[in-house]
>>> print(open('upload20.cif').read())   # mmCIF, C-alpha atoms
data_input
#
loop_
_atom_site.label_atom_id
_atom_site.label_comp_id
_atom_site.auth_asym_id
_atom_site.auth_seq_id
_atom_site.Cartn_x
_atom_site.Cartn_y
_atom_site.Cartn_z
CA GLU A 193 -31.08 39.48 133.21
CA ALA A 194 -28.64 39.68 130.31
CA GLY A 195 -28.20 36.60 128.16
CA VAL A 196 -25.02 35.19 126.72
CA VAL A 197 -23.10 37.96 124.98
CA GLN A 198 -20.83 37.36 122.00
CA SER A 199 -18.72 39.66 119.91
CA PRO A 200 -18.18 40.39 117.17
CA ARG A 201 -21.42 39.31 115.50
CA TYR A 202 -19.80 39.15 112.08
CA LYS A 203 -16.19 38.85 110.96
CA ILE A 204 -14.70 38.70 107.49
CA ILE A 205 -11.01 37.90 107.15
CA GLU A 206 -8.60 36.60 104.57
CA LYS A 207 -7.21 33.10 104.88
CA LYS A 208 -4.10 32.70 107.01
CA GLN A 209 -5.11 35.66 109.18
CA PRO A 210 -5.80 35.22 112.91
CA VAL A 211 -9.22 35.82 114.42
CA ALA A 212 -10.64 35.85 117.95
CA PHE A 213 -14.15 35.56 119.31
CA TRP A 214 -15.30 36.67 122.75
CA CYS A 215 -18.08 35.31 124.94
CA ASN A 216 -19.52 36.49 128.25
CA PRO A 217 -21.84 33.88 129.80
CA ILE A 218 -24.91 34.48 131.92
CA SER A 219 -23.90 35.67 135.38
CA GLY A 220 -23.40 32.78 137.76
CA HIS A 221 -23.12 30.13 135.05
CA ASN A 222 -20.05 28.05 135.75
CA THR A 223 -20.19 25.95 132.59
CA LEU A 224 -19.31 27.49 129.24
CA TYR A 225 -19.39 25.86 125.82
CA TRP A 226 -18.08 26.79 122.39
CA TYR A 227 -19.88 25.24 119.43
CA LEU A 228 -19.23 25.30 115.68
CA GLN A 229 -22.22 25.36 113.33
CA ASN A 230 -21.73 24.78 109.62
CA LEU A 231 -24.43 25.77 107.18
CA GLY A 232 -27.38 23.37 107.27
CA GLN A 233 -25.97 21.44 110.21
CA GLY A 234 -26.56 21.32 113.93
CA PRO A 235 -23.96 22.81 116.28
CA GLU A 236 -21.00 20.63 117.26
CA LEU A 237 -19.15 21.04 120.53
CA LEU A 238 -15.60 22.36 120.33
CA ILE A 239 -14.78 22.81 124.00
CA ARG A 240 -16.47 22.85 127.40
CA TYR A 241 -15.25 24.73 130.48
CA GLU A 242 -16.10 24.11 134.10
CA ASN A 243 -15.08 27.42 135.66
CA GLU A 244 -11.59 28.02 134.24
CA GLU A 245 -10.84 24.37 133.48
CA ALA A 246 -11.28 22.93 130.00
CA VAL A 247 -12.88 19.55 130.77
CA ASP A 248 -13.73 18.47 127.22
CA ASP A 249 -11.67 19.75 124.30
CA SER A 250 -11.54 16.52 122.32
CA GLN A 251 -13.23 18.12 119.29
CA LEU A 252 -11.04 21.23 119.22
CA PRO A 253 -8.52 21.23 116.31
CA LYS A 254 -5.57 22.12 118.48
CA ASP A 255 -3.18 22.81 115.62
CA ARG A 256 -4.94 26.07 114.84
CA PHE A 257 -7.64 26.59 117.48
CA SER A 258 -7.12 27.70 121.06
CA ALA A 259 -9.40 28.86 123.83
CA GLU A 260 -9.09 30.33 127.27
CA ARG A 261 -11.28 31.23 130.22
CA LEU A 262 -8.72 32.67 132.59
CA LYS A 263 -10.91 33.90 135.43
CA GLY A 264 -13.73 31.44 134.97
CA VAL A 265 -16.09 34.05 133.54
CA ASP A 266 -15.66 35.28 129.97
CA SER A 267 -13.88 33.28 127.33
CA THR A 268 -11.99 33.78 124.08
CA LEU A 269 -11.76 31.38 121.15
CA LYS A 270 -8.93 31.96 118.68
CA ILE A 271 -8.09 30.61 115.25
CA GLN A 272 -4.59 31.07 113.87
CA PRO A 273 -4.20 30.81 110.96
CA ALA A 274 -7.75 30.73 109.57
CA GLU A 275 -8.56 28.49 106.61
CA LEU A 276 -11.38 28.70 104.08
CA GLY A 277 -13.12 25.74 105.74
CA ASP A 278 -13.38 27.63 109.03
CA SER A 279 -16.20 29.76 107.62
CA ALA A 280 -19.11 28.99 109.94
CA VAL A 281 -21.04 30.30 112.92
CA TYR A 282 -19.31 30.04 116.28
CA LEU A 283 -21.78 29.77 119.13
CA CYS A 284 -21.17 30.20 122.82
CA ALA A 285 -23.49 28.73 125.44
CA SER A 286 -23.58 28.56 129.21
CA SER A 287 -25.35 26.64 131.95
CA LEU A 288 -25.37 26.62 135.73
CA SER A 289 -23.92 23.10 135.79
CA PRO A 290 -23.03 20.49 133.17
CA ALA A 291 -26.32 18.73 132.67
CA SER A 292 -28.86 19.48 135.37
CA VAL A 293 -30.30 22.49 133.54
CA GLU A 294 -30.61 23.62 129.97
CA GLN A 295 -27.94 25.41 127.98
CA PHE A 296 -28.48 29.02 126.96
CA PHE A 297 -26.96 30.17 123.69
CA GLY A 298 -25.59 33.48 122.52
CA PRO A 299 -26.33 34.97 119.06
CA GLY A 300 -23.13 33.59 117.58
CA THR A 301 -20.31 35.02 115.49
CA ARG A 302 -20.57 34.45 111.77
CA LEU A 303 -17.06 34.03 110.34
CA THR A 304 -16.33 34.33 106.64
CA VAL A 305 -12.83 33.42 105.47
CA LEU A 306 -11.96 34.68 101.97
CA LYS B 102 -21.58 7.27 119.21
CA GLN B 103 -24.89 9.09 119.59
CA GLU B 104 -26.58 10.14 116.36
CA VAL B 105 -29.63 12.37 116.16
CA THR B 106 -31.88 12.45 113.11
CA GLN B 107 -34.67 14.90 112.41
CA ILE B 108 -37.48 14.31 109.96
CA PRO B 109 -38.58 16.07 107.84
CA ALA B 110 -35.66 18.27 106.84
CA ALA B 111 -38.11 20.94 105.70
CA LEU B 112 -41.83 21.49 106.15
CA SER B 113 -44.19 24.09 104.69
CA VAL B 114 -47.70 24.44 106.09
CA PRO B 115 -50.56 26.94 105.91
CA GLU B 116 -51.25 29.11 108.91
CA GLY B 117 -53.46 27.51 111.55
CA GLU B 118 -52.40 23.94 110.89
CA ASN B 119 -51.24 21.65 113.69
CA LEU B 120 -47.91 19.97 112.95
CA VAL B 121 -45.44 17.45 114.31
CA LEU B 122 -41.66 17.48 114.06
CA ASN B 123 -39.81 14.24 114.65
CA CYS B 124 -36.49 13.49 116.31
CA SER B 125 -34.83 10.12 116.77
CA PHE B 126 -31.61 9.15 118.56
CA THR B 127 -29.58 5.97 118.39
CA ASP B 128 -28.50 5.60 122.04
CA SER B 129 -31.45 5.53 124.42
CA ALA B 130 -29.24 6.13 127.47
CA ILE B 131 -29.83 9.85 127.46
CA TYR B 132 -29.75 12.31 130.32
CA ASN B 133 -32.15 14.80 128.78
CA LEU B 134 -33.49 16.05 125.46
CA GLN B 135 -33.87 19.67 124.44
CA TRP B 136 -35.75 21.36 121.61
CA PHE B 137 -34.40 24.64 120.25
CA ARG B 138 -35.56 27.21 117.78
CA GLN B 139 -33.11 29.06 115.51
CA ASP B 140 -34.09 32.08 113.45
CA PRO B 141 -31.98 32.97 110.40
CA GLY B 142 -28.67 34.51 111.43
CA LYS B 143 -29.47 34.13 115.10
CA GLY B 144 -28.45 31.90 117.97
CA LEU B 145 -30.50 29.13 119.52
CA THR B 146 -33.49 29.69 121.77
CA SER B 147 -34.41 26.88 124.12
CA LEU B 148 -38.04 25.85 123.78
CA LEU B 149 -38.48 22.79 125.95
CA LEU B 150 -36.26 20.50 127.99
CA ILE B 151 -37.34 16.98 128.92
CA GLN B 152 -35.46 15.09 131.60
CA SER B 153 -34.96 11.37 130.97
CA SER B 154 -37.51 10.50 133.66
CA GLN B 155 -40.21 12.64 132.05
CA ARG B 156 -42.57 11.78 129.20
CA GLU B 157 -43.51 15.24 128.00
CA GLN B 158 -43.27 18.97 128.51
CA THR B 159 -45.65 21.73 127.45
CA SER B 160 -45.20 25.43 126.88
CA GLY B 161 -48.06 27.38 125.34
CA ARG B 162 -48.80 25.96 121.91
CA LEU B 163 -45.79 23.62 122.08
CA ASN B 164 -45.77 20.09 123.42
CA ALA B 165 -42.74 17.81 123.36
CA SER B 166 -42.89 14.11 124.11
CA LEU B 167 -40.11 11.66 124.83
CA ASP B 168 -40.04 7.89 124.40
CA LYS B 169 -36.61 6.83 125.57
CA SER B 170 -37.05 3.14 124.89
CA SER B 171 -37.76 3.72 121.21
CA GLY B 172 -35.31 6.62 120.91
CA ARG B 173 -37.89 9.13 119.74
CA SER B 174 -39.17 12.58 120.54
CA THR B 175 -41.82 14.68 118.86
CA LEU B 176 -42.48 18.40 118.97
CA TYR B 177 -46.13 19.25 118.44
CA ILE B 178 -47.02 22.81 117.43
CA ALA B 179 -50.69 23.71 117.65
CA ALA B 180 -52.40 26.34 115.52
CA SER B 181 -49.20 27.34 113.70
CA GLN B 182 -48.50 31.02 112.95
CA PRO B 183 -46.18 32.72 110.45
CA GLY B 184 -44.02 33.76 113.41
CA ASP B 185 -43.30 30.09 114.07
CA SER B 186 -41.24 29.97 110.87
CA ALA B 187 -37.70 28.99 111.89
CA THR B 188 -35.39 26.00 112.10
CA TYR B 189 -36.18 23.63 114.96
CA LEU B 190 -33.29 21.64 116.41
CA CYS B 191 -33.42 18.60 118.66
CA ALA B 192 -30.46 17.79 120.92
CA VAL B 193 -29.70 15.13 123.49
CA ILE B 194 -27.23 14.78 126.32
CA SER B 195 -26.15 11.17 126.55
CA GLY B 196 -25.25 9.55 129.82
CA GLY B 197 -21.49 9.28 130.19
CA SER B 198 -20.82 11.69 127.33
CA ASN B 199 -19.38 14.41 129.53
CA TYR B 200 -22.72 16.17 129.15
CA LYS B 201 -22.16 17.00 125.51
CA LEU B 202 -25.21 18.07 123.50
CA THR B 203 -25.53 16.11 120.27
CA PHE B 204 -27.71 17.94 117.76
CA GLY B 205 -29.74 16.88 114.78
CA LYS B 206 -29.54 18.87 111.56
CA GLY B 207 -32.87 20.54 112.21
CA THR B 208 -36.23 20.94 110.50
CA LEU B 209 -36.80 24.14 108.54
CA LEU B 210 -40.42 25.15 109.14
CA THR B 211 -42.25 27.67 106.99
CA VAL B 212 -45.75 28.73 107.99
CA ASN B 213 -47.51 30.50 105.15
CA PRO B 214 -50.08 33.23 105.87
#
>>> encode(input="upload20.cif", output="structure tokens")
Amino acid sequence: EAGVVQSPRYKIIEKKQPVAFWCNPISGHNTLYWYLQNLGQGPELLIRYENEEAVDDSQLPKDRFSAERLKGVDSTLKIQPAELGDSAVYLCASSLSPASVEQFFGPGTRLTVL
Amino acid sequence: KQEVTQIPAALSVPEGENLVLNCSFTDSAIYNLQWFRQDPGKGLTSLLLIQSSQREQTSGRLNASLDKSSGRSTLYIAASQPGDSATYLCAVISGGSNYKLTFGKGTLLTVNP
């Protein structure tokens, strides 16, 4: 069974440019999460989806970040425009349901903003 | 607001040694606790998940315990190997938190051959 797939694995852009990350969760997992991990820190939740509905986006900086999960399967996280401080690893995770089982993480996208 | 602390921040041990990683959380009303492993440049791999009603979980050389009342969990690694070198992260889901995982900063473990 395939795990959580993310692309690209690495991205280098100049500040003020847009960038998008893609995530495909484990088949059958209705809950999808996007996390931000700064160097030397634990991941922090940006947004959680239940199917296609964003049920917790309180930590998402909505002035520049957006996300979508149109068909309740794969998801895209976008930053526009990117700032130097956005350099981090963006992790996607999925689970069958919100809390009854563990979350499974993808390999992440490492973003470097120059 | 739930806060998770992991001690020590870094640990270096010789191969074969048994070791303990510590995790503490401020709000004992948790739903479950999960231990992850993260290799450099990689995502997180789930090691053990302990439901709030459980006291411990075991997988191979790993044993995780949970004491909800004191807000503590430990991850015990027996007979450590160089391949165990990684960052170990503890995370909790708090009751009423919309099932959000709150992570500690991790413990960087180095097992020397």
>>> closest_residue(input="upload20.cif", among="B:Ser195, B:Thr159, B:Asn119, B:Ser171", to="chain A", atoms="all atoms listed in the file")
B:Ser195
>>> residues_around(input="upload20.cif", residues="Leu176 in chain B", least_positions_apart="2", cutoff="10 Å", atoms="only C-alpha atoms", output="list in words")
Leu120, Val121, Leu122, Asn123, Cys124, Trp136, Leu148, Leu149, Glu157, Gln158, Thr159, Leu163, Asn164, Ala165, Ser166, Leu167, Ser174, Ile178, Ala179, Tyr189 and Cys191 of chain B
>>> closest_atom_pairs(input="upload20.cif", of="chain B", to="chain A", cutoff="12 Å", atoms="all atoms listed in the file", output="CSV")
residue,atom,partner,partner_atom,distance
B:Glu104,CA,A:Gly234,CA,11.4
B:Val105,CA,A:Gly234,CA,9.7
B:Thr106,CA,A:Gly234,CA,10.4
B:Gln107,CA,A:Gly234,CA,10.5
B:Ala110,CA,A:Gly232,CA,9.7
B:Ala111,CA,A:Gly232,CA,11.1
B:Ile131,CA,A:Ala291,CA,10.9
B:Tyr132,CA,A:Ala291,CA,7.6
B:Asn133,CA,A:Ala291,CA,8.0
B:Leu134,CA,A:Glu294,CA,9.3
B:Gln135,CA,A:Glu294,CA,7.5
B:Trp136,CA,A:Glu294,CA,10.1
B:Phe137,CA,A:Phe297,CA,9.9
B:Arg138,CA,A:Phe297,CA,10.8
B:Gln139,CA,A:Pro299,CA,9.7
B:Asp140,CA,A:Pro299,CA,10.0
B:Pro141,CA,A:Pro299,CA,10.5
B:Gly142,CA,A:Pro299,CA,8.0
B:Lys143,CA,A:Pro299,CA,5.1
B:Gly144,CA,A:Pro299,CA,3.9
B:Leu145,CA,A:Phe297,CA,5.6
B:Thr146,CA,A:Phe297,CA,6.8
B:Ser147,CA,A:Phe296,CA,6.9
B:Leu148,CA,A:Glu294,CA,9.9
B:Leu149,CA,A:Glu294,CA,8.9
B:Leu150,CA,A:Glu294,CA,6.8
B:Ile151,CA,A:Glu294,CA,9.5
B:Gln152,CA,A:Ser292,CA,8.8
B:Ser153,CA,A:Ser292,CA,11.1
B:Thr188,CA,A:Gly232,CA,9.7
B:Tyr189,CA,A:Gly234,CA,9.9
B:Leu190,CA,A:Gly234,CA,7.2
B:Cys191,CA,A:Gly234,CA,8.8
B:Ala192,CA,A:Gly234,CA,8.7
B:Val193,CA,A:Ala291,CA,10.4
B:Ile194,CA,A:Ala291,CA,7.5
B:Ser195,CA,A:Ala291,CA,9.7
B:Gly196,CA,A:Ala291,CA,9.7
B:Gly197,CA,A:Ala291,CA,10.9
B:Ser198,CA,A:Asp248,CA,9.8
B:Asn199,CA,A:Asp248,CA,7.3
B:Tyr200,CA,A:Ala291,CA,5.6
B:Lys201,CA,A:Leu237,CA,7.1
B:Leu202,CA,A:Leu237,CA,7.4
B:Thr203,CA,A:Glu236,CA,7.1
B:Phe204,CA,A:Gly234,CA,5.2
B:Gly205,CA,A:Gly234,CA,5.5
B:Lys206,CA,A:Gly234,CA,4.5
B:Gly207,CA,A:Gly234,CA,6.6
B:Thr208,CA,A:Gly232,CA,9.7
B:Leu209,CA,A:Gly232,CA,9.5
>>> closest_residue(input="upload20.cif", among="A:Ile205, A:Glu245, A:Ala280, A:Ser250", to="Leu262 in chain A", atoms="all atoms listed in the file")
A:Glu245
>>> residues_around(input="upload20.cif", residues="range 206-210 of chain A", least_positions_apart="6", cutoff="10 Å", atoms="all atoms listed in the file", output="PyMOL selection string")
chain A and resi 256-257+270-279+304-306
>>> write_last_selection(input="upload20.cif", atoms="C-alpha atoms", output="PDB file, keeping the file's coordinate frame")
ATOM      1  CA  ARG A 256      -4.940  26.070 114.840  1.00  0.00           C
ATOM      2  CA  PHE A 257      -7.640  26.590 117.480  1.00  0.00           C
ATOM      3  CA  LYS A 270      -8.930  31.960 118.680  1.00  0.00           C
ATOM      4  CA  ILE A 271      -8.090  30.610 115.250  1.00  0.00           C
ATOM      5  CA  GLN A 272      -4.590  31.070 113.870  1.00  0.00           C
ATOM      6  CA  PRO A 273      -4.200  30.810 110.960  1.00  0.00           C
ATOM      7  CA  ALA A 274      -7.750  30.730 109.570  1.00  0.00           C
ATOM      8  CA  GLU A 275      -8.560  28.490 106.610  1.00  0.00           C
ATOM      9  CA  LEU A 276     -11.380  28.700 104.080  1.00  0.00           C
ATOM     10  CA  GLY A 277     -13.120  25.740 105.740  1.00  0.00           C
ATOM     11  CA  ASP A 278     -13.380  27.630 109.030  1.00  0.00           C
ATOM     12  CA  SER A 279     -16.200  29.760 107.620  1.00  0.00           C
ATOM     13  CA  THR A 304     -16.330  34.330 106.640  1.00  0.00           C
ATOM     14  CA  VAL A 305     -12.830  33.420 105.470  1.00  0.00           C
ATOM     15  CA  LEU A 306     -11.960  34.680 101.970  1.00  0.00           C
TER      16      LEU A 306
END
>>> build_atoms(input="upload20.cif", residues="range 107-120 of chain B", atoms="N, CA, C and O atoms", output="tab-separated table (two decimals), in the frame of the given file")
chain	number	residue	atom	x	y	z
B	107	GLN	N	-33.42	14.16	112.39
B	107	GLN	CA	-34.67	14.90	112.41
B	107	GLN	C	-35.38	14.77	111.06
B	107	GLN	O	-34.76	14.94	110.01
B	108	ILE	N	-36.64	14.47	111.14
B	108	ILE	CA	-37.48	14.31	109.96
B	108	ILE	C	-38.77	15.10	110.15
B	108	ILE	O	-39.36	15.04	111.25
B	109	PRO	N	-39.25	15.87	109.12
B	109	PRO	CA	-38.58	16.07	107.84
B	109	PRO	C	-37.48	17.12	107.92
B	109	PRO	O	-37.39	17.83	108.92
B	110	ALA	N	-36.70	17.24	106.87
B	110	ALA	CA	-35.66	18.27	106.84
B	110	ALA	C	-36.29	19.65	106.65
B	110	ALA	O	-35.75	20.65	107.11
B	111	ALA	N	-37.41	19.68	105.94
B	111	ALA	CA	-38.11	20.94	105.70
B	111	ALA	C	-39.61	20.66	105.65
B	111	ALA	O	-40.04	19.58	105.23
B	112	LEU	N	-40.38	21.65	106.09
B	112	LEU	CA	-41.83	21.49	106.15
B	112	LEU	C	-42.48	22.85	105.88
B	112	LEU	O	-42.07	23.84	106.49
B	113	SER	N	-43.46	22.86	104.99
B	113	SER	CA	-44.19	24.09	104.69
B	113	SER	C	-45.67	23.83	104.91
B	113	SER	O	-46.22	22.88	104.34
B	114	VAL	N	-46.29	24.65	105.74
B	114	VAL	CA	-47.70	24.44	106.09
B	114	VAL	C	-48.45	25.77	106.02
B	114	VAL	O	-47.85	26.83	106.17
B	115	PRO	N	-49.77	25.71	105.84
B	115	PRO	CA	-50.56	26.94	105.91
B	115	PRO	C	-50.81	27.33	107.36
B	115	PRO	O	-50.83	26.47	108.26
B	116	GLU	N	-50.99	28.60	107.57
B	116	GLU	CA	-51.25	29.11	108.91
B	116	GLU	C	-52.46	28.41	109.53
B	116	GLU	O	-53.45	28.14	108.88
B	117	GLY	N	-52.35	28.12	110.83
B	117	GLY	CA	-53.46	27.51	111.55
B	117	GLY	C	-53.38	26.00	111.67
B	117	GLY	O	-54.08	25.40	112.48
B	118	GLU	N	-52.50	25.41	110.87
B	118	GLU	CA	-52.40	23.94	110.89
B	118	GLU	C	-51.62	23.47	112.11
B	118	GLU	O	-50.69	24.12	112.56
B	119	ASN	N	-52.02	22.31	112.65
B	119	ASN	CA	-51.24	21.65	113.69
B	119	ASN	C	-50.17	20.81	113.01
B	119	ASN	O	-50.40	20.22	111.95
B	120	LEU	N	-48.98	20.72	113.61
B	120	LEU	CA	-47.91	19.97	112.95
B	120	LEU	C	-47.04	19.27	113.98
B	120	LEU	O	-47.02	19.61	115.17
